[in-house]
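*Asks:* Got a structure for you, written out below as C-alpha cells; questions coming shortly.
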Amino acid sequence: SLISSDQANVPEISYAVLKVSGPDQKGVIAAFTQVLSGHGCNIVSSEQHTDTASCKFFQRSAFDISTMLTDKVTLQNGIAEVANRLKMKAEITWPPLRKKVAIFVSKYEHCFWELLLRHRAGELPCDIVCIISNHPNLASIAEMFGIRYEVFKITKDTKAEQEAKEIKLLHELGVDLIVLARYMQIVSDNFCATFPNRIINIHHSFLPAFIGSKPYHRAFDRGVKLIGATAHYATADLDEGPIIEQDVKRINHKDSVEDLIAKGRILEKEVLVRAVRKHLREELLVDGNKCIVFGD
C-alpha cells in the first residue's frame, strides 16, 4: 500500500535567515541589525559566536520579511555593502527555506526508513524528490512513499560515467541537498566539488581507528567502551569533512557484536536526522573544516 508523502504536511519556515562570518570587530552586530531594521525587517532570533583562537565572528539571524519596506534586491545590496566594508561574508536565505533533497542508499535500510518516516511526520521541512541507489533492493520502500527511485549500478569501470548521469539528474531535479544514508560507495572528488557543503554522510565514530569492513567486529575484539556515529559534510578527504553532529553510547563486556551493531544503527539514524534537520533550517555555518552549529 502507498504511504502518502504529501509534502503539504511538512510545515513551511516563514522567515529569512542571514548568516555572517568574518574577522571579529566592534560594531558588527549593530551594523547588520541597523540594515535589517532600516528596511523594516523584524529580527525574531539571533545567535552569535566568537572564536577567540582565530579571532573570527559568526552570526545567524532569522528575520520576518512580512513588514519589509523595500524589496529583496535592495536589502541584499544593503547587507552586501556592510559586509564588504567590514570584510565579512554574508548570505541571506529567503523563505520558503524548503529544500529539494535526494537520498542515496545501498542495501542498509535503517537510516533510509528514519528519514522517510521523520519527513512524513513533518519533522524535516523539505521535498524528497528522488532516491538514488547502486542496488534495486530498497525500491519497494521508496514505492511505499511514492518517491522516485533510480538505480545506477557502479563498477570500477563505470563509476565516472554513472556519476556523470547522477549529477545530470540531480541538476535537472534542482536538488539542494544530498544525503548519503549508508550509501556504500565512495563518491568522487568531482562529485563532492559539484555539491560543496551540500552532501551529508553518516558513519560510525570508530574512524580512524577501525577503517574498512566489519568495524563493529574489530571494535568488539578490541574491547571498546564507547560506540558512536558521526554526520559530516562529504569532501575530497574521505570521512574528514566538517562535522555536523555526533553522539556516543557506552557499552561493556556484556554486549555482543550484534548488540554493538544494533546500538550503532540507532545512533546512526538519530545523528543523521539531526544533521539533516540542522542543514534544512540553515543552522550551520562552515568555516574551513569546522562547522559552527547554531540552535543547540
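Ordering of the C-alpha cells sets the chain letters (A, B, ...); residue numbers start at 1 within each chain; ligands are numbered from 1 in the order shown.
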Report as an MDAnalysis selection string all protein, DNA and RNA residues lying within 8 Å of Tyr233 of chain A, evaluated on only C-alpha atoms, omitting residues in the same chain fewer than 6 positions from it.
*Replies:* chainID A and resid 197:201 241:244
*Asks:* Using backbone DSSP assignments, extract all strand (DSSP E or B) residues from segment 10-66 of chain A; output them as a PyMOL selection string.
*Replies:* chain A and resi 16-23+42-51+56-64
*Asks:* If we count only C-alpha atoms and set the cut-off at 10 Å, which residues sit around segment 31-34 of chain A, ignoring sequence neighbours fewer than 6 positions away in its own chain? Please answer as a ChimeraX atom specification.
*Replies:* /A:18,20,40-43,46,61,78-80,82-83,86,90
*Asks:* Would you mind telling me which residue in A:Arg281, A:His119, A:Lys99, A:Arg250 lies nearest to Lys263 of chain A when using only C-alpha atoms?
*Replies:* A:Arg250
*Asks:* Closest to Thr74 of chain A among A:Val248, A:Val101, A:Leu36, A:Leu124, using only C-alpha atoms?
*Replies:* A:Leu36
*Asks:* From the DSSP assignment of the backbone, select every residue of segment 114-273 of chain A that is helix (DSSP H, G or I), and format the answer as a ChimeraX atom specification.
*Replies:* /A:114-120,139-144,159-172,189-194,215-222,257-273
*Asks:* Using only C-alpha atoms for the distances, tell me which of A:Arg182, A:Lys56, A:Lys254, A:Lys269 is nearest to Lys107 of chain A.
*Replies:*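 Result for the nearest residue to Lys107 of chain A: A:Arg182.
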*Asks:* Which neighbours of Glu150 of chain A fall inside 10 Å, counting only C-alpha atoms, when residues of the same chain fewer than 3 positions from it are skipped, and could you give them as a list in words?
*Replies:*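 Contacts, with the query itself left out: Phe104, Cys130, Ile131, Ile132, Ser133, Asn134, His135, Pro136, Ala139, Ala142, Ile147, Lys153, Glu166 and Leu169 of chain A.
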*Asks:* Write to file, as a PDB file, in the first residue's frame, the residues of the selection just made, with C-alpha atoms.
*Replies:*
```pdb
ATOM      1  CA  PHE A 104      21.487   7.933  -1.726  1.00  0.00           C
ATOM      2  CA  CYS A 130      14.299  11.143  -5.567  1.00  0.00           C
ATOM      3  CA  ILE A 131      16.160   8.155  -4.199  1.00  0.00           C
ATOM      4  CA  ILE A 132      19.375   7.099  -5.937  1.00  0.00           C
ATOM      5  CA  SER A 133      20.965   3.712  -5.344  1.00  0.00           C
ATOM      6  CA  ASN A 134      23.559   1.336  -6.722  1.00  0.00           C
ATOM      7  CA  HIS A 135      21.183  -1.571  -5.959  1.00  0.00           C
ATOM      8  CA  PRO A 136      17.453  -2.197  -6.562  1.00  0.00           C
ATOM      9  CA  ALA A 139      12.952   0.236  -4.339  1.00  0.00           C
ATOM     10  CA  ALA A 142      10.523   4.199  -1.966  1.00  0.00           C
ATOM     11  CA  ILE A 147       9.102   8.663  -4.249  1.00  0.00           C
ATOM     12  CA  LYS A 153      24.971   0.356 -10.879  1.00  0.00           C
ATOM     13  CA  GLU A 166      23.652  11.073 -11.404  1.00  0.00           C
ATOM     14  CA  LEU A 169      19.705  14.055 -12.893  1.00  0.00           C
TER      15      LEU A 169
END
```
